[in-house]
Amino acid sequence: MAKTKSECGPAADSAAPDVQNTPTIWERIDAPRGARTTLSHERIAEAAIALADAEGLDAVSMRKLAESLGVATMALYRYVNSKDELLELMTDAVGTASELVADPNDWRAVFREAARRRRETALAHPWLPAAQAQVPTSLTPNRNLALERMLAALEPLPLTGDQKMQLIRALDSYARGAADGEVNQRTMLERRGYGADGDVRLLLRSNMQWLLRSGRYPLFAKLVTDGLAPVDAVGEFELGLEAMLDGLAARFGI
């Protein structure tokens, strides 16, 4: 059945935001501002991060943030148009690429440092995975500085542009997945009263006892009864990281 005029064409499109013509927060930050004010994007980001670190991402509201800054809520909207823009500002601010020490000419060293920084940032700011799930964070200034550094390390290698991005996305997927999983476990332990650095085996003890009694999983049960060492989060992250780098090197012949 043919669509009516109200179902298609300009009238239907008018409800959608004109993304192409809407300046991003980063464009607005770059634009010259008028007279100096008590607020700045940096102050707003710092206050929002402090609030999220202390009370969690759900505690970050424009009203509460305004109170912490000692300004009216409407004053914030002269800097950030929405909660989503605030989240973009926060995720970019914690992703600073300062104090990087890896040899810029050694692609493995640069990738290794980027992955470790991703994990360290997530552990320092446990709200980060949830924030990144809500807003696009792949093309923010600090994120692009890290990307530029990785591309520079790959520049001397015989790779196409697509291959370079495949390498970077693979590394990022590993680092994000491992770090976010660790954050989720620490959050769960803390919420259950075991502390973020608690032994997850205590939390899972009842499930484990049931599993062993069931007799349904003999191979896993043998691993448990033979004795498994406590999980070493750092060691496992490093093992996975080196395996990832070895695999990428072999796959792309670099």
# chains A, B, ... in the order shown; residues from 1 in each chain; ligands from 1
$ residues_around --residues "A:Arg118" --least-positions-apart "4" --cutoff "8 Å" --atoms "only C-alpha atoms" --output "list of chain:residue names"
A:Ala114, A:Ala122, A:Ala175, A:Arg176, A:Ala179
$ select_by_dssp --residues "stretch 212-254 of chain A" --states "helix (DSSP H, G or I)" --output "ChimeraX atom specification"
/A:212-214,218-226,233-252
$ closest_residue --among "A:Leu100, A:Asp53, A:Asn105, A:Ala45" --to "A:Glu85" --atoms "only C-alpha atoms"
A:Ala45
$ closest_atom_pairs --of "stretch 42-93 of chain A" --to "stretch 138-162 of chain A" --cutoff "12 Å" --atoms "only C-alpha atoms" --output "CSV"
residue,atom,partner,partner_atom,distance
A:Glu85,CA,A:Thr140,CA,11.2
A:Leu87,CA,A:Thr140,CA,11.4
A:Glu88,CA,A:Thr140,CA,7.7
A:Leu89,CA,A:Thr140,CA,8.5
A:Met90,CA,A:Thr140,CA,10.6
A:Thr91,CA,A:Thr140,CA,8.8
A:Asp92,CA,A:Asn142,CA,5.8
A:Ala93,CA,A:Asn142,CA,7.3
$ write_last_selection --atoms "C-alpha atoms" --output "short mmCIF file (atom, residue, chain, number, x, y, z; two decimals), in the first residue's frame"
data_model
loop_
_atom_site.label_atom_id
_atom_site.label_comp_id
_atom_site.auth_asym_id
_atom_site.auth_seq_id
_atom_site.Cartn_x
_atom_site.Cartn_y
_atom_site.Cartn_z
CA GLU A 85 26.51 16.23 26.16
CA LEU A 87 28.38 12.51 29.54
CA GLU A 88 30.44 13.17 26.40
CA LEU A 89 32.33 15.87 28.27
CA MET A 90 32.97 13.55 31.23
CA THR A 91 34.12 10.55 29.19
CA ASP A 92 36.48 12.73 27.18
CA ALA A 93 37.95 14.37 30.28
#
$ residues_around --residues "A:Ser68" --least-positions-apart "6" --cutoff "9 Å" --atoms "only C-alpha atoms" --output "list in words"
Ala47, Ala48 and Leu51 of chain A
$ closest_residue --among "A:Leu223, A:His41, A:Arg201, A:Trp107" --to "A:Asp246" --atoms "only C-alpha atoms"
A:Trp107
$ atom_distance --atom1 "atom CA of A:Thr137" --atom2 "atom CA of A:Asp84"
10.6 Å
$ residues_around --residues "stretch 28-31 of chain A" --least-positions-apart "5" --cutoff "10 Å" --atoms "only C-alpha atoms" --output "list in words"
Pro23, Ser40, His41, Tyr79 and Val80 of chain A
$ write_last_selection --atoms "C-alpha atoms" --output "CSV table (one decimal), in the first residue's frame"
chain,number,residue,atom,x,y,z
A,23,PRO,CA,27.1,22.2,16.3
A,40,SER,CA,33.9,26.6,32.2
A,41,HIS,CA,33.6,23.3,30.5
A,79,TYR,CA,27.6,25.1,28.3
A,80,VAL,CA,26.0,21.8,27.8
$ closest_residue --among "A:Val183, A:Ala115, A:Ala75, A:Leu171" --to "A:Gly247" --atoms "only C-alpha atoms"
A:Leu171
$ residues_around --residues "A:Asp199" --least-positions-apart "6" --cutoff "12 Å" --atoms "only C-alpha atoms" --output "MDAnalysis selection string"
chainID A and resid 185:186 188:190 192:193 205 229:233
$ residues_around --residues "A:Ala102" --least-positions-apart "2" --cutoff "9 Å" --atoms "only C-alpha atoms" --output "list in words"
Leu100, Pro104, Asn105, Asp106, Ala109, Val110, Phe111, Arg112 and Glu113 of chain A
$ write_last_selection --atoms "all heavy atoms" --output "PDB file, in the first residue's frame"
ATOM      1  N   LEU A 100      51.990   9.916  28.448  1.00  0.00           N
ATOM      2  CA  LEU A 100      52.254   8.665  27.750  1.00  0.00           C
ATOM      3  C   LEU A 100      53.762   8.518  27.559  1.00  0.00           C
ATOM      4  O   LEU A 100      54.444   9.488  27.215  1.00  0.00           O
ATOM      5  CB  LEU A 100      51.539   8.649  26.400  1.00  0.00           C
ATOM      6  CG  LEU A 100      50.011   8.728  26.483  1.00  0.00           C
ATOM      7  CD1 LEU A 100      49.403   8.780  25.086  1.00  0.00           C
ATOM      8  CD2 LEU A 100      49.441   7.538  27.246  1.00  0.00           C
ATOM      9  N   PRO A 104      56.998   6.002  20.610  1.00  0.00           N
ATOM     10  CA  PRO A 104      55.998   6.236  19.562  1.00  0.00           C
ATOM     11  C   PRO A 104      56.283   5.486  18.274  1.00  0.00           C
ATOM     12  O   PRO A 104      55.402   5.370  17.413  1.00  0.00           O
ATOM     13  CB  PRO A 104      56.055   7.751  19.348  1.00  0.00           C
ATOM     14  CG  PRO A 104      57.412   8.160  19.825  1.00  0.00           C
ATOM     15  CD  PRO A 104      57.732   7.231  20.965  1.00  0.00           C
ATOM     16  N   ASN A 105      57.503   4.971  18.118  1.00  0.00           N
ATOM     17  CA  ASN A 105      57.862   4.234  16.911  1.00  0.00           C
ATOM     18  C   ASN A 105      57.656   2.726  17.047  1.00  0.00           C
ATOM     19  O   ASN A 105      57.903   1.983  16.108  1.00  0.00           O
ATOM     20  CB  ASN A 105      59.322   4.512  16.540  1.00  0.00           C
ATOM     21  CG  ASN A 105      59.565   5.976  16.236  1.00  0.00           C
ATOM     22  OD1 ASN A 105      58.816   6.576  15.463  1.00  0.00           O
ATOM     23  ND2 ASN A 105      60.575   6.565  16.856  1.00  0.00           N
ATOM     24  N   ASP A 106      57.225   2.281  18.210  1.00  0.00           N
ATOM     25  CA  ASP A 106      57.012   0.860  18.479  1.00  0.00           C
ATOM     26  C   ASP A 106      55.509   0.627  18.603  1.00  0.00           C
ATOM     27  O   ASP A 106      54.905   0.924  19.632  1.00  0.00           O
ATOM     28  CB  ASP A 106      57.732   0.467  19.776  1.00  0.00           C
ATOM     29  CG  ASP A 106      57.601  -1.012  20.109  1.00  0.00           C
ATOM     30  OD1 ASP A 106      56.742  -1.693  19.514  1.00  0.00           O
ATOM     31  OD2 ASP A 106      58.344  -1.483  20.992  1.00  0.00           O
ATOM     32  N   ALA A 109      54.284  -1.314  21.619  1.00  0.00           N
ATOM     33  CA  ALA A 109      54.387  -0.571  22.878  1.00  0.00           C
ATOM     34  C   ALA A 109      53.269   0.458  22.997  1.00  0.00           C
ATOM     35  O   ALA A 109      52.686   0.639  24.069  1.00  0.00           O
ATOM     36  CB  ALA A 109      55.750   0.110  22.969  1.00  0.00           C
ATOM     37  N   VAL A 110      52.954   1.130  21.896  1.00  0.00           N
ATOM     38  CA  VAL A 110      51.882   2.131  21.896  1.00  0.00           C
ATOM     39  C   VAL A 110      50.534   1.465  22.145  1.00  0.00           C
ATOM     40  O   VAL A 110      49.721   1.940  22.943  1.00  0.00           O
ATOM     41  CB  VAL A 110      51.873   2.911  20.568  1.00  0.00           C
ATOM     42  CG1 VAL A 110      50.643   3.791  20.460  1.00  0.00           C
ATOM     43  CG2 VAL A 110      53.136   3.762  20.451  1.00  0.00           C
ATOM     44  N   PHE A 111      50.271   0.348  21.473  1.00  0.00           N
ATOM     45  CA  PHE A 111      49.008  -0.369  21.655  1.00  0.00           C
ATOM     46  C   PHE A 111      48.901  -0.907  23.078  1.00  0.00           C
ATOM     47  O   PHE A 111      47.834  -0.872  23.699  1.00  0.00           O
ATOM     48  CB  PHE A 111      48.909  -1.515  20.644  1.00  0.00           C
ATOM     49  CG  PHE A 111      48.339  -1.122  19.317  1.00  0.00           C
ATOM     50  CD1 PHE A 111      48.780   0.024  18.656  1.00  0.00           C
ATOM     51  CD2 PHE A 111      47.372  -1.895  18.710  1.00  0.00           C
ATOM     52  CE1 PHE A 111      48.268   0.392  17.431  1.00  0.00           C
ATOM     53  CE2 PHE A 111      46.850  -1.549  17.475  1.00  0.00           C
ATOM     54  CZ  PHE A 111      47.291  -0.400  16.836  1.00  0.00           C
ATOM     55  N   ARG A 112      49.996  -1.417  23.588  1.00  0.00           N
ATOM     56  CA  ARG A 112      50.017  -1.958  24.953  1.00  0.00           C
ATOM     57  C   ARG A 112      49.673  -0.859  25.960  1.00  0.00           C
ATOM     58  O   ARG A 112      48.873  -1.057  26.876  1.00  0.00           O
ATOM     59  CB  ARG A 112      51.391  -2.560  25.234  1.00  0.00           C
ATOM     60  CG  ARG A 112      51.472  -3.373  26.525  1.00  0.00           C
ATOM     61  CD  ARG A 112      52.869  -3.945  26.710  1.00  0.00           C
ATOM     62  NE  ARG A 112      53.167  -4.971  25.719  1.00  0.00           N
ATOM     63  CZ  ARG A 112      54.121  -4.880  24.794  1.00  0.00           C
ATOM     64  NH1 ARG A 112      54.861  -3.772  24.713  1.00  0.00           N
ATOM     65  NH2 ARG A 112      54.335  -5.873  23.962  1.00  0.00           N
ATOM     66  N   GLU A 113      50.290   0.296  25.766  1.00  0.00           N
ATOM     67  CA  GLU A 113      50.031   1.417  26.671  1.00  0.00           C
ATOM     68  C   GLU A 113      48.580   1.880  26.573  1.00  0.00           C
ATOM     69  O   GLU A 113      47.941   2.183  27.598  1.00  0.00           O
ATOM     70  CB  GLU A 113      50.974   2.565  26.343  1.00  0.00           C
ATOM     71  CG  GLU A 113      50.883   3.740  27.295  1.00  0.00           C
ATOM     72  CD  GLU A 113      51.947   4.785  27.015  1.00  0.00           C
ATOM     73  OE1 GLU A 113      52.025   5.258  25.861  1.00  0.00           O
ATOM     74  OE2 GLU A 113      52.704   5.113  27.929  1.00  0.00           O
TER      75      GLU A 113
END
$ residues_around --residues "A:Leu248" --least-positions-apart "5" --cutoff "9 Å" --atoms "only C-alpha atoms" --output "PDB file with N, CA and C atoms, in the first residue's frame"
ATOM      1  N   LEU A 167      43.099  -3.126  13.171  1.00  0.00           N
ATOM      2  CA  LEU A 167      44.033  -3.343  14.289  1.00  0.00           C
ATOM      3  C   LEU A 167      43.588  -2.558  15.520  1.00  0.00           C
ATOM      4  N   ALA A 170      40.274  -3.875  17.020  1.00  0.00           N
ATOM      5  CA  ALA A 170      40.449  -5.161  17.703  1.00  0.00           C
ATOM      6  C   ALA A 170      41.064  -4.962  19.082  1.00  0.00           C
ATOM      7  N   LEU A 171      42.092  -4.140  19.148  1.00  0.00           N
ATOM      8  CA  LEU A 171      42.746  -3.854  20.426  1.00  0.00           C
ATOM      9  C   LEU A 171      41.769  -3.185  21.383  1.00  0.00           C
ATOM     10  N   ALA A 243      48.562 -11.913  23.973  1.00  0.00           N
ATOM     11  CA  ALA A 243      48.018 -12.834  22.980  1.00  0.00           C
ATOM     12  C   ALA A 243      47.366 -12.062  21.833  1.00  0.00           C
ATOM     13  N   GLY A 253      51.004  -9.704   9.409  1.00  0.00           N
ATOM     14  CA  GLY A 253      52.395  -9.847   8.966  1.00  0.00           C
ATOM     15  C   GLY A 253      53.256  -8.654   9.316  1.00  0.00           C
ATOM     16  N   ILE A 254      53.139  -8.134  10.541  1.00  0.00           N
ATOM     17  CA  ILE A 254      53.907  -6.962  10.937  1.00  0.00           C
ATOM     18  C   ILE A 254      54.736  -7.261  12.188  1.00  0.00           C
TER      19      ILE A 254
END
$ closest_residue --among "A:Gln163, A:Gly235, A:Asp197, A:Pro126" --to "A:Glu55" --atoms "only C-alpha atoms"
A:Pro126
$ closest_residue --among "A:Gly56, A:Gly70, A:Gly198, A:Pro32" --to "A:Ala130" --atoms "only C-alpha atoms"
A:Gly56
$ decode --residues "stretch 104-116 of chain A" --atoms "all heavy atoms" --output "mmCIF file, in the first residue's frame"
data_model
loop_
_atom_site.group_PDB
_atom_site.id
_atom_site.type_symbol
_atom_site.label_atom_id
_atom_site.label_comp_id
_atom_site.auth_asym_id
_atom_site.auth_seq_id
_atom_site.Cartn_x
_atom_site.Cartn_y
_atom_site.Cartn_z
ATOM 1 N N PRO A 104 56.998 6.002 20.610
ATOM 2 C CA PRO A 104 55.998 6.236 19.562
ATOM 3 C C PRO A 104 56.283 5.486 18.274
ATOM 4 O O PRO A 104 55.402 5.370 17.413
ATOM 5 C CB PRO A 104 56.055 7.751 19.348
ATOM 6 C CG PRO A 104 57.412 8.160 19.825
ATOM 7 C CD PRO A 104 57.732 7.231 20.965
ATOM 8 N N ASN A 105 57.503 4.971 18.118
ATOM 9 C CA ASN A 105 57.862 4.234 16.911
ATOM 10 C C ASN A 105 57.656 2.726 17.047
ATOM 11 O O ASN A 105 57.903 1.983 16.108
ATOM 12 C CB ASN A 105 59.322 4.512 16.540
ATOM 13 C CG ASN A 105 59.565 5.976 16.236
ATOM 14 O OD1 ASN A 105 58.816 6.576 15.463
ATOM 15 N ND2 ASN A 105 60.575 6.565 16.856
ATOM 16 N N ASP A 106 57.225 2.281 18.210
ATOM 17 C CA ASP A 106 57.012 0.860 18.479
ATOM 18 C C ASP A 106 55.509 0.627 18.603
ATOM 19 O O ASP A 106 54.905 0.924 19.632
ATOM 20 C CB ASP A 106 57.732 0.467 19.776
ATOM 21 C CG ASP A 106 57.601 -1.012 20.109
ATOM 22 O OD1 ASP A 106 56.742 -1.693 19.514
ATOM 23 O OD2 ASP A 106 58.344 -1.483 20.992
ATOM 24 N N TRP A 107 54.886 0.120 17.550
ATOM 25 C CA TRP A 107 53.428 0.015 17.543
ATOM 26 C C TRP A 107 52.911 -0.868 18.669
ATOM 27 O O TRP A 107 51.878 -0.580 19.278
ATOM 28 C CB TRP A 107 52.909 -0.474 16.187
ATOM 29 C CG TRP A 107 53.071 -1.944 15.908
ATOM 30 C CD1 TRP A 107 54.101 -2.550 15.274
ATOM 31 C CD2 TRP A 107 52.130 -2.982 16.249
ATOM 32 N NE1 TRP A 107 53.892 -3.908 15.197
ATOM 33 C CE2 TRP A 107 52.699 -4.200 15.780
ATOM 34 C CE3 TRP A 107 50.907 -3.014 16.891
ATOM 35 C CZ2 TRP A 107 52.049 -5.438 15.948
ATOM 36 C CZ3 TRP A 107 50.261 -4.242 17.062
ATOM 37 C CH2 TRP A 107 50.829 -5.427 16.595
ATOM 38 N N ARG A 108 53.652 -1.940 18.982
ATOM 39 C CA ARG A 108 53.195 -2.821 20.059
ATOM 40 C C ARG A 108 53.248 -2.100 21.405
ATOM 41 O O ARG A 108 52.343 -2.258 22.238
ATOM 42 C CB ARG A 108 54.040 -4.094 20.110
ATOM 43 C CG ARG A 108 53.771 -5.068 18.962
ATOM 44 C CD ARG A 108 54.600 -6.337 19.091
ATOM 45 N NE ARG A 108 54.205 -7.109 20.269
ATOM 46 C CZ ARG A 108 53.803 -8.375 20.214
ATOM 47 N NH1 ARG A 108 53.713 -9.010 19.051
ATOM 48 N NH2 ARG A 108 53.488 -9.026 21.314
ATOM 49 N N ALA A 109 54.284 -1.314 21.619
ATOM 50 C CA ALA A 109 54.387 -0.571 22.878
ATOM 51 C C ALA A 109 53.269 0.458 22.997
ATOM 52 O O ALA A 109 52.686 0.639 24.069
ATOM 53 C CB ALA A 109 55.750 0.110 22.969
ATOM 54 N N VAL A 110 52.954 1.130 21.896
ATOM 55 C CA VAL A 110 51.882 2.131 21.896
ATOM 56 C C VAL A 110 50.534 1.465 22.145
ATOM 57 O O VAL A 110 49.721 1.940 22.943
ATOM 58 C CB VAL A 110 51.873 2.911 20.568
ATOM 59 C CG1 VAL A 110 50.643 3.791 20.460
ATOM 60 C CG2 VAL A 110 53.136 3.762 20.451
ATOM 61 N N PHE A 111 50.271 0.348 21.473
ATOM 62 C CA PHE A 111 49.008 -0.369 21.655
ATOM 63 C C PHE A 111 48.901 -0.907 23.078
ATOM 64 O O PHE A 111 47.834 -0.872 23.699
ATOM 65 C CB PHE A 111 48.909 -1.515 20.644
ATOM 66 C CG PHE A 111 48.339 -1.122 19.317
ATOM 67 C CD1 PHE A 111 48.780 0.024 18.656
ATOM 68 C CD2 PHE A 111 47.372 -1.895 18.710
ATOM 69 C CE1 PHE A 111 48.268 0.392 17.431
ATOM 70 C CE2 PHE A 111 46.850 -1.549 17.475
ATOM 71 C CZ PHE A 111 47.291 -0.400 16.836
ATOM 72 N N ARG A 112 49.996 -1.417 23.588
ATOM 73 C CA ARG A 112 50.017 -1.958 24.953
ATOM 74 C C ARG A 112 49.673 -0.859 25.960
ATOM 75 O O ARG A 112 48.873 -1.057 26.876
ATOM 76 C CB ARG A 112 51.391 -2.560 25.234
ATOM 77 C CG ARG A 112 51.472 -3.373 26.525
ATOM 78 C CD ARG A 112 52.869 -3.945 26.710
ATOM 79 N NE ARG A 112 53.167 -4.971 25.719
ATOM 80 C CZ ARG A 112 54.121 -4.880 24.794
ATOM 81 N NH1 ARG A 112 54.861 -3.772 24.713
ATOM 82 N NH2 ARG A 112 54.335 -5.873 23.962
ATOM 83 N N GLU A 113 50.290 0.296 25.766
ATOM 84 C CA GLU A 113 50.031 1.417 26.671
ATOM 85 C C GLU A 113 48.580 1.880 26.573
ATOM 86 O O GLU A 113 47.941 2.183 27.598
ATOM 87 C CB GLU A 113 50.974 2.565 26.343
ATOM 88 C CG GLU A 113 50.883 3.740 27.295
ATOM 89 C CD GLU A 113 51.947 4.785 27.015
ATOM 90 O OE1 GLU A 113 52.025 5.258 25.861
ATOM 91 O OE2 GLU A 113 52.704 5.113 27.929
ATOM 92 N N ALA A 114 48.025 1.914 25.363
ATOM 93 C CA ALA A 114 46.638 2.330 25.180
ATOM 94 C C ALA A 114 45.683 1.376 25.891
ATOM 95 O O ALA A 114 44.712 1.799 26.528
ATOM 96 C CB ALA A 114 46.305 2.404 23.689
ATOM 97 N N ALA A 115 45.943 0.079 25.797
ATOM 98 C CA ALA A 115 45.080 -0.907 26.444
ATOM 99 C C ALA A 115 45.159 -0.786 27.962
ATOM 100 O O ALA A 115 44.139 -0.833 28.656
ATOM 101 C CB ALA A 115 45.475 -2.317 26.005
ATOM 102 N N ARG A 116 46.372 -0.642 28.468
ATOM 103 C CA ARG A 116 46.529 -0.505 29.920
ATOM 104 C C ARG A 116 45.871 0.762 30.425
ATOM 105 O O ARG A 116 45.245 0.758 31.488
ATOM 106 C CB ARG A 116 48.020 -0.505 30.271
ATOM 107 C CG ARG A 116 48.685 -1.859 30.105
ATOM 108 C CD ARG A 116 50.184 -1.754 30.260
ATOM 109 N NE ARG A 116 50.833 -3.056 30.150
ATOM 110 C CZ ARG A 116 52.152 -3.220 29.973
ATOM 111 N NH1 ARG A 116 52.939 -2.150 29.888
ATOM 112 N NH2 ARG A 116 52.650 -4.436 29.889
#
